[in-house]
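Read through the structure below, which is laid out as structure tokens, and then see the notes.
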Amino acid sequence: MRDSSWHSIDGAARNLTPSLLTLLLVLFGQLPFALPGQMAVTPYFVLMAVYYWGLHRSDLLPAGVVFLIGLLQDALEGEPFGVNAFVLVAVYWFVASQQRLFRGKHFVVVWWGFAIAALLAALARWILVSILLGMAIAPWGLALEFLVTVALYPVLTVAFTLAHKTLPRSDLGEFLD
Amino acid sequence: MRASMPFRYGAQRSTFTLLLLLSTAIMLIGKADPTLYERTRMAVTDLTVPVLGFISQPVVAASRLMDDIRNAATVYQDNVALREENERLHRWRAVAQGLESENARLRQMLNFAPEAPATYISGRVIGDSGGAFLRSVLLNIGAREGVRKGAAAVDDRGLIGRIAEVGEWSSRVLLVTDLNSRIPVFVGENRQRAIMAGDNTDMPYLAHLPAEISIVAGDLVITSGHGGAFPAGLPVGIVVRGEGELRVQPFLSAGRLEFVRLMDFGLTGVIQDQTLGVAESRTGR
């Protein structure tokens, strides 16, 4: 009896992992780590998490959580409210609907998919922020951020995969695969 | 399971559509009432301050360590350079002391009203998103410590920005390089008036220059105090010549901010809404 209740608590905690990891990456993206003498470019960490979990375990990262995390990102980055929420939910939808296309494919294909998602996300953010601020914003910072984000995706994937292995198996396996 | 698939997919689709509509609504409301969002944003930021303050410490420690390692390698050259600089500064100090006493005497003769003394509050940088759209940093001090909107933020070298948003325990500094930053400045020995405008690059440009300008690369840029946004005379940067326009290399060292001092001169000028106060035609430069 005690064993099984402990087991279910443990399972529930593990099921929260994708959401918590994504949340943590939002905060991580705010840290002041910049290389000396260089313009600070922080990768769009949270997009990596949304893409990975959308692809592999969309059952454990509810769309509502992605939305709230997007709002948090907006608040911390100082971007107009709703932009990141919109972009992350849209990417999540895109990825979750393309699971069949990417699952089981070679990592390069998945990475390629991420690059496309990141490009679309960057474009969408640029357009939305430009409209909301009422001026065309110089796209160089965003372009740099896009490149760094795509380049770092494999590194974060390693971390996600390690976390992924600790998760209970999906009861939707048949649906997803 | 298979039978429930279309249902599940349909439900998912409506959830996504709903969330996208909600985000759009939030963007539109934010456009209509920016102050509501500013308050919300700082309230959310306040909540994350303890966490950010905690997790930023190892990052700061790591970058300090990297600095130490790099400094150890150049300790000899640094020492030589510092000795030279020290000697030069000693000479400058003598000059400055002479000027200061002369200045004091002249002011006395003119019955010059001294400027109100500034108050300082120091804070630590806990967030630097390096955002693609905004150049700002988060500080771990807020309204509780007496931070006021519009306060000038300086580090040991000069002006770095101004307080744009204030929460209870945190505040956001809009850096001089930000797109929305417009600072009235004096350039060079002739004290030419200009507006230093950020455009999200590392070097802001000089706008609203008079027709005949005698500005050369290397001229010092200081705040002019016009518009009441900033106290006058704070060093901002050095003029460099860009492609067909004059730019400023700010003293602000990107990404190297750790501690920031806020000066509050009790000025409230145009800073309450800077974008309206110093209207700047981006197309006209």
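Going through the structure tokens in order, the chains are called A, B, and so on, while each chain numbers its residues from 1 and the ligands are numbered from 1 in the order shown.
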
Excluding region 114-126 of chain A and residues on its chain fewer than 6 positions from it, collect all residues at most 10 Å away from it, counting only C-alpha atoms, and give them as a CSV table (one decimal) with N, CA and C atoms, in the first residue's frame.
```csv
chain,number,residue,atom,x,y,z
A,44,TYR,N,17.7,31.1,-27.4
A,44,TYR,CA,16.2,31.0,-27.0
A,44,TYR,C,16.0,29.6,-26.4
A,47,LEU,N,12.7,27.6,-26.3
A,47,LEU,CA,12.2,27.0,-27.6
A,47,LEU,C,12.7,25.6,-27.8
A,48,MET,N,14.0,25.4,-27.3
A,48,MET,CA,14.5,24.0,-27.4
A,48,MET,C,13.7,23.0,-26.6
A,51,TYR,N,10.3,22.4,-28.2
A,51,TYR,CA,10.5,21.5,-29.4
A,51,TYR,C,10.7,20.1,-29.0
A,52,TYR,N,11.7,19.9,-28.1
A,52,TYR,CA,12.0,18.5,-27.7
A,52,TYR,C,10.8,17.8,-27.1
A,79,GLU,N,9.8,41.8,-23.3
A,79,GLU,CA,9.1,41.9,-24.6
A,79,GLU,C,7.6,42.2,-24.4
A,83,VAL,N,3.8,37.9,-26.9
A,83,VAL,CA,4.6,37.5,-28.1
A,83,VAL,C,5.2,36.1,-27.9
A,84,ASN,N,5.9,35.9,-26.8
A,84,ASN,CA,6.5,34.6,-26.6
A,84,ASN,C,5.4,33.5,-26.4
A,86,PHE,N,2.5,33.4,-27.7
A,86,PHE,CA,1.9,33.1,-29.1
A,86,PHE,C,2.9,32.2,-29.8
A,87,VAL,N,4.2,32.6,-29.9
A,87,VAL,CA,5.2,31.9,-30.7
A,87,VAL,C,5.4,30.5,-30.2
A,88,LEU,N,5.5,30.4,-28.8
A,88,LEU,CA,5.8,29.1,-28.3
A,88,LEU,C,4.6,28.1,-28.5
A,90,ALA,N,2.4,28.3,-30.9
A,90,ALA,CA,2.4,28.0,-32.3
A,90,ALA,C,3.4,26.9,-32.7
A,91,VAL,N,4.6,27.1,-32.1
A,91,VAL,CA,5.7,26.1,-32.4
A,91,VAL,C,5.3,24.7,-31.8
A,92,TYR,N,4.8,24.8,-30.6
A,92,TYR,CA,4.4,23.5,-30.0
A,92,TYR,C,3.3,22.8,-30.8
A,94,PHE,N,2.8,23.1,-34.0
A,94,PHE,CA,3.4,22.6,-35.2
A,94,PHE,C,4.2,21.3,-34.9
A,95,VAL,N,5.0,21.3,-33.9
A,95,VAL,CA,5.8,20.1,-33.6
A,95,VAL,C,4.9,18.9,-33.2
A,108,VAL,N,20.0,14.3,-37.4
A,108,VAL,CA,20.2,15.5,-38.3
A,108,VAL,C,18.8,16.0,-38.8
A,132,LEU,N,4.0,45.7,-32.7
A,132,LEU,CA,3.6,46.2,-31.4
A,132,LEU,C,4.3,47.4,-31.0
A,136,ALA,N,10.2,49.1,-37.4
A,136,ALA,CA,11.0,48.0,-37.8
A,136,ALA,C,12.2,47.9,-37.0
A,137,ILE,N,12.4,46.7,-36.4
A,137,ILE,CA,13.6,46.6,-35.5
A,137,ILE,C,14.7,45.9,-36.2
A,138,ALA,N,15.9,46.5,-36.0
A,138,ALA,CA,17.1,45.9,-36.6
A,138,ALA,C,17.2,44.4,-36.3
A,139,PRO,N,17.2,43.5,-37.3
A,139,PRO,CA,17.1,42.1,-37.1
A,139,PRO,C,18.4,41.4,-36.7
A,142,LEU,N,18.5,39.4,-33.5
A,142,LEU,CA,17.7,38.2,-33.6
A,142,LEU,C,18.3,37.1,-34.4
A,143,ALA,N,19.0,37.6,-35.5
A,143,ALA,CA,19.6,36.6,-36.4
A,143,ALA,C,20.7,35.9,-35.6
A,145,GLU,N,20.9,35.5,-32.4
A,145,GLU,CA,20.3,34.6,-31.4
A,145,GLU,C,19.8,33.3,-32.1
A,146,PHE,N,19.2,33.4,-33.3
A,146,PHE,CA,18.8,32.3,-34.0
A,146,PHE,C,19.9,31.3,-34.3
A,147,LEU,N,21.1,31.8,-34.7
A,147,LEU,CA,22.2,30.9,-35.0
A,147,LEU,C,22.7,30.2,-33.8
A,149,THR,N,21.1,29.6,-31.1
A,149,THR,CA,20.0,28.7,-30.6
A,149,THR,C,20.1,27.4,-31.4
A,150,VAL,N,20.2,27.5,-32.7
A,150,VAL,CA,20.3,26.2,-33.5
A,150,VAL,C,21.6,25.5,-33.2
A,151,ALA,N,22.7,26.2,-33.1
A,151,ALA,CA,24.0,25.6,-32.8
A,151,ALA,C,24.0,24.8,-31.5
A,153,TYR,N,21.3,23.5,-29.9
A,153,TYR,CA,20.3,22.5,-29.7
A,153,TYR,C,20.8,21.1,-29.4
B,132,ALA,N,16.9,40.0,-28.0
B,132,ALA,CA,17.1,40.5,-29.4
B,132,ALA,C,16.4,41.8,-29.6
B,133,PHE,N,15.5,42.1,-28.7
B,133,PHE,CA,14.7,43.3,-29.0
B,133,PHE,C,14.9,44.4,-27.9
```

Please, which residues of region 9-114 of chain A, numbered as in this document, come out helix (DSSP H, G or I) from DSSP, as a CSV table (one decimal) with N, CA and C atoms, in the first residue's frame?
```csv
chain,number,residue,atom,x,y,z
A,9,ILE,N,3.4,8.9,-6.3
A,9,ILE,CA,4.0,10.3,-6.0
A,9,ILE,C,5.2,10.5,-6.9
A,10,ASP,N,6.0,9.4,-6.9
A,10,ASP,CA,7.3,9.4,-7.6
A,10,ASP,C,7.0,9.6,-9.1
A,11,GLY,N,6.0,8.9,-9.6
A,11,GLY,CA,5.6,9.0,-11.0
A,11,GLY,C,5.1,10.4,-11.3
A,12,ALA,N,4.3,10.9,-10.4
A,12,ALA,CA,3.7,12.3,-10.7
A,12,ALA,C,4.8,13.3,-10.8
A,13,ALA,N,5.8,13.1,-9.8
A,13,ALA,CA,6.9,14.1,-9.8
A,13,ALA,C,7.7,14.0,-11.1
A,14,ARG,N,7.9,12.7,-11.6
A,14,ARG,CA,8.6,12.5,-12.8
A,14,ARG,C,7.9,13.1,-14.0
A,15,ASN,N,6.6,13.0,-14.0
A,15,ASN,CA,5.8,13.5,-15.1
A,15,ASN,C,5.8,15.0,-15.1
A,17,THR,N,8.6,16.6,-14.8
A,17,THR,CA,9.9,17.0,-15.3
A,17,THR,C,9.9,17.9,-16.5
A,18,PRO,N,9.2,17.5,-17.6
A,18,PRO,CA,9.3,18.4,-18.8
A,18,PRO,C,8.8,19.8,-18.5
A,19,SER,N,7.8,20.0,-17.7
A,19,SER,CA,7.3,21.3,-17.4
A,19,SER,C,8.3,22.1,-16.6
A,20,LEU,N,8.9,21.4,-15.6
A,20,LEU,CA,9.8,22.1,-14.7
A,20,LEU,C,11.1,22.4,-15.4
A,21,LEU,N,11.6,21.5,-16.3
A,21,LEU,CA,12.8,21.8,-17.1
A,21,LEU,C,12.6,23.0,-18.0
A,22,THR,N,11.4,23.0,-18.6
A,22,THR,CA,11.1,24.2,-19.5
A,22,THR,C,11.1,25.5,-18.7
A,23,LEU,N,10.5,25.4,-17.5
A,23,LEU,CA,10.4,26.6,-16.6
A,23,LEU,C,11.8,27.0,-16.2
A,24,LEU,N,12.6,26.0,-15.9
A,24,LEU,CA,14.0,26.3,-15.4
A,24,LEU,C,14.8,27.0,-16.6
A,25,LEU,N,14.6,26.6,-17.8
A,25,LEU,CA,15.3,27.1,-18.9
A,25,LEU,C,14.9,28.6,-19.2
A,26,VAL,N,13.7,29.0,-18.8
A,26,VAL,CA,13.3,30.4,-19.0
A,26,VAL,C,14.2,31.2,-18.0
A,27,LEU,N,14.3,30.7,-16.8
A,27,LEU,CA,15.1,31.5,-15.8
A,27,LEU,C,16.6,31.4,-16.2
A,28,PHE,N,17.0,30.3,-16.7
A,28,PHE,CA,18.4,30.1,-17.1
A,28,PHE,C,18.7,31.2,-18.2
A,45,PHE,N,16.6,29.4,-25.2
A,45,PHE,CA,16.6,28.1,-24.6
A,45,PHE,C,15.2,27.5,-24.5
A,46,VAL,N,14.2,28.3,-24.2
A,46,VAL,CA,12.9,27.7,-23.9
A,46,VAL,C,12.3,27.1,-25.2
A,47,LEU,N,12.7,27.6,-26.3
A,47,LEU,CA,12.2,27.0,-27.6
A,47,LEU,C,12.7,25.6,-27.8
A,48,MET,N,14.0,25.4,-27.3
A,48,MET,CA,14.5,24.0,-27.4
A,48,MET,C,13.7,23.0,-26.6
A,49,ALA,N,13.4,23.5,-25.4
A,49,ALA,CA,12.6,22.6,-24.5
A,49,ALA,C,11.2,22.3,-25.1
A,50,VAL,N,10.6,23.3,-25.6
A,50,VAL,CA,9.3,23.2,-26.2
A,50,VAL,C,9.3,22.2,-27.4
A,51,TYR,N,10.3,22.4,-28.2
A,51,TYR,CA,10.5,21.5,-29.4
A,51,TYR,C,10.7,20.1,-29.0
A,52,TYR,N,11.7,19.9,-28.1
A,52,TYR,CA,12.0,18.5,-27.7
A,52,TYR,C,10.8,17.8,-27.1
A,53,TRP,N,10.2,18.4,-26.1
A,53,TRP,CA,9.1,17.7,-25.5
A,53,TRP,C,7.9,17.6,-26.4
A,54,GLY,N,7.7,18.6,-27.2
A,54,GLY,CA,6.6,18.5,-28.2
A,54,GLY,C,6.7,17.3,-29.1
A,55,LEU,N,8.0,17.1,-29.4
A,55,LEU,CA,8.2,15.9,-30.3
A,55,LEU,C,8.1,14.6,-29.6
A,56,HIS,N,8.6,14.5,-28.4
A,56,HIS,CA,8.7,13.2,-27.7
A,56,HIS,C,7.7,12.9,-26.7
A,63,ALA,N,-0.3,22.2,-23.2
A,63,ALA,CA,-0.2,23.4,-24.0
A,63,ALA,C,-0.4,24.6,-23.1
A,64,GLY,N,-1.3,24.5,-22.1
A,64,GLY,CA,-1.5,25.6,-21.2
A,64,GLY,C,-0.2,26.0,-20.5
A,65,VAL,N,0.6,25.0,-20.1
A,65,VAL,CA,1.8,25.3,-19.4
A,65,VAL,C,2.8,26.0,-20.4
A,66,VAL,N,2.8,25.6,-21.6
A,66,VAL,CA,3.6,26.3,-22.6
A,66,VAL,C,3.2,27.7,-22.7
A,67,PHE,N,1.9,28.0,-22.7
A,67,PHE,CA,1.4,29.3,-22.8
A,67,PHE,C,1.8,30.2,-21.6
A,68,LEU,N,1.7,29.6,-20.4
A,68,LEU,CA,2.1,30.4,-19.2
A,68,LEU,C,3.6,30.6,-19.2
A,69,ILE,N,4.3,29.6,-19.6
A,69,ILE,CA,5.8,29.8,-19.7
A,69,ILE,C,6.2,30.9,-20.7
A,70,GLY,N,5.4,31.0,-21.8
A,70,GLY,CA,5.6,32.0,-22.7
A,70,GLY,C,5.4,33.4,-22.1
A,71,LEU,N,4.3,33.5,-21.3
A,71,LEU,CA,4.0,34.8,-20.7
A,71,LEU,C,5.1,35.2,-19.7
A,72,LEU,N,5.7,34.2,-19.0
A,72,LEU,CA,6.8,34.4,-18.0
A,72,LEU,C,8.0,34.9,-18.8
A,73,GLN,N,8.3,34.3,-19.9
A,73,GLN,CA,9.4,34.7,-20.8
A,73,GLN,C,9.2,36.2,-21.2
A,74,ASP,N,8.0,36.5,-21.6
A,74,ASP,CA,7.7,37.9,-22.0
A,74,ASP,C,8.0,38.8,-20.8
A,75,ALA,N,7.5,38.5,-19.6
A,75,ALA,CA,7.7,39.4,-18.5
A,75,ALA,C,9.2,39.6,-18.2
A,76,LEU,N,9.9,38.5,-18.2
A,76,LEU,CA,11.3,38.6,-17.8
A,76,LEU,C,12.2,39.2,-18.9
A,77,GLU,N,11.9,39.0,-20.2
A,77,GLU,CA,12.7,39.5,-21.3
A,77,GLU,C,12.3,41.0,-21.5
A,83,VAL,N,3.8,37.9,-26.9
A,83,VAL,CA,4.6,37.5,-28.1
A,83,VAL,C,5.2,36.1,-27.9
A,84,ASN,N,5.9,35.9,-26.8
A,84,ASN,CA,6.5,34.6,-26.6
A,84,ASN,C,5.4,33.5,-26.4
A,85,ALA,N,4.3,33.9,-25.7
A,85,ALA,CA,3.2,33.0,-25.5
A,85,ALA,C,2.7,32.5,-26.9
A,86,PHE,N,2.5,33.4,-27.7
A,86,PHE,CA,1.9,33.1,-29.1
A,86,PHE,C,2.9,32.2,-29.8
A,87,VAL,N,4.2,32.6,-29.9
A,87,VAL,CA,5.2,31.9,-30.7
A,87,VAL,C,5.4,30.5,-30.2
A,88,LEU,N,5.5,30.4,-28.8
A,88,LEU,CA,5.8,29.1,-28.3
A,88,LEU,C,4.6,28.1,-28.5
A,89,VAL,N,3.4,28.6,-28.3
A,89,VAL,CA,2.2,27.8,-28.5
A,89,VAL,C,2.2,27.4,-30.0
A,90,ALA,N,2.4,28.3,-30.9
A,90,ALA,CA,2.4,28.0,-32.3
A,90,ALA,C,3.4,26.9,-32.7
A,91,VAL,N,4.6,27.1,-32.1
A,91,VAL,CA,5.7,26.1,-32.4
A,91,VAL,C,5.3,24.7,-31.8
A,92,TYR,N,4.8,24.8,-30.6
A,92,TYR,CA,4.4,23.5,-30.0
A,92,TYR,C,3.3,22.8,-30.8
A,93,TRP,N,2.4,23.6,-31.3
A,93,TRP,CA,1.3,23.0,-32.1
A,93,TRP,C,1.9,22.3,-33.3
A,94,PHE,N,2.8,23.1,-34.0
A,94,PHE,CA,3.4,22.6,-35.2
A,94,PHE,C,4.2,21.3,-34.9
A,95,VAL,N,5.0,21.3,-33.9
A,95,VAL,CA,5.8,20.1,-33.6
A,95,VAL,C,4.9,18.9,-33.2
A,96,ALA,N,4.0,19.2,-32.3
A,96,ALA,CA,3.1,18.1,-31.8
A,96,ALA,C,2.4,17.5,-33.0
A,97,SER,N,2.0,18.3,-34.0
A,97,SER,CA,1.3,17.7,-35.1
A,97,SER,C,2.2,17.0,-36.1
A,99,GLN,N,4.8,15.1,-35.2
A,99,GLN,CA,5.6,14.0,-34.5
A,99,GLN,C,5.9,12.8,-35.4
A,100,ARG,N,4.9,12.4,-36.2
A,100,ARG,CA,5.1,11.3,-37.0
A,100,ARG,C,6.2,11.5,-38.0
A,101,LEU,N,6.3,12.7,-38.4
A,101,LEU,CA,7.3,13.0,-39.4
A,101,LEU,C,8.8,12.9,-38.9
A,102,PHE,N,8.9,13.2,-37.6
A,102,PHE,CA,10.3,13.3,-37.0
A,102,PHE,C,10.7,12.1,-36.2
A,107,PHE,N,19.1,12.0,-36.1
A,107,PHE,CA,19.1,13.3,-35.3
A,107,PHE,C,19.2,14.5,-36.3
A,108,VAL,N,20.0,14.3,-37.4
A,108,VAL,CA,20.2,15.5,-38.3
A,108,VAL,C,18.8,16.0,-38.8
A,109,VAL,N,17.9,15.0,-39.1
A,109,VAL,CA,16.6,15.4,-39.6
A,109,VAL,C,15.8,16.2,-38.5
A,110,VAL,N,15.9,15.7,-37.2
A,110,VAL,CA,15.3,16.4,-36.1
A,110,VAL,C,15.9,17.8,-35.9
A,111,TRP,N,17.2,17.9,-36.1
A,111,TRP,CA,17.9,19.2,-35.9
A,111,TRP,C,17.5,20.1,-37.0
A,112,TRP,N,17.4,19.6,-38.2
A,112,TRP,CA,16.9,20.4,-39.4
A,112,TRP,C,15.5,20.9,-39.1
A,113,GLY,N,14.7,20.1,-38.5
A,113,GLY,CA,13.3,20.5,-38.2
A,113,GLY,C,13.3,21.6,-37.2
A,114,PHE,N,14.3,21.5,-36.2
A,114,PHE,CA,14.4,22.5,-35.2
A,114,PHE,C,14.8,23.8,-35.8
```

- request: Give the answer as one residue: which of B:Gly228, B:Gly198, B:Gly161, B:Gly98 has the shortest atom-to-atom distance to chain A, using only C-alpha atoms?
  value: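 Closest candidate: B:Gly198.
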
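Among the candidates B:Leu52, B:Leu28, B:Leu134, B:Leu36, the one nearest to Gly29 (chain A) when counting only C-alpha atoms is B:Leu52.
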
task: Give the strand (DSSP E or B) residues of region 63-199 of chain B, as assigned by DSSP on the backbone, as a VMD selection string.
output: chain B and resid 119 to 127 136 to 139 152 to 154 159 to 166 171 to 175 182 to 187 192 to 197

- prompt: What gap, in Å, lies between CA of Leu220 (chain B) and CA of Ile238 (chain B)?
  reply: 4.8 Å

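With CA of Ser170 (chain B) on one side and CA of Leu65 (chain B) on the other, the separation reads 26.6 Å.
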
- request: Tell me, in Å to one decimal, how far CA of Glu168 (chain B) is from CA of Ile141 (chain B).
  value: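 So the two atoms, CA of Glu168 (chain B) and CA of Ile141 (chain B), lie 7.8 Å apart.
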
field: Among listed residues A:Arg103, A:Trp140, A:Ala163, A:Pro154, nearest chain B (using only C-alpha atoms)
entry: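 Ranking A:Arg103, A:Trp140, A:Ala163, A:Pro154 by distance to chain B, first place goes to A:Trp140.
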
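With only C-alpha atoms as the atoms that count, the residue of B:Thr35, B:Gln97, B:Asn200, B:Asn71 with the shortest distance to chain A is B:Asn200.
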
- prompt: Using only C-alpha atoms, which residue out of B:Asp199, B:Asp68, B:Glu212, B:Asp155 lies closest to chain A?
  reply: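 Under the stated criterion, the closest residue is B:Asp199.
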
query: For Gln57 (chain B), which residue among B:Leu234, B:Ala207, B:Ile126, B:Leu139 is the nearest when counting only C-alpha atoms?
result: B:Ile126
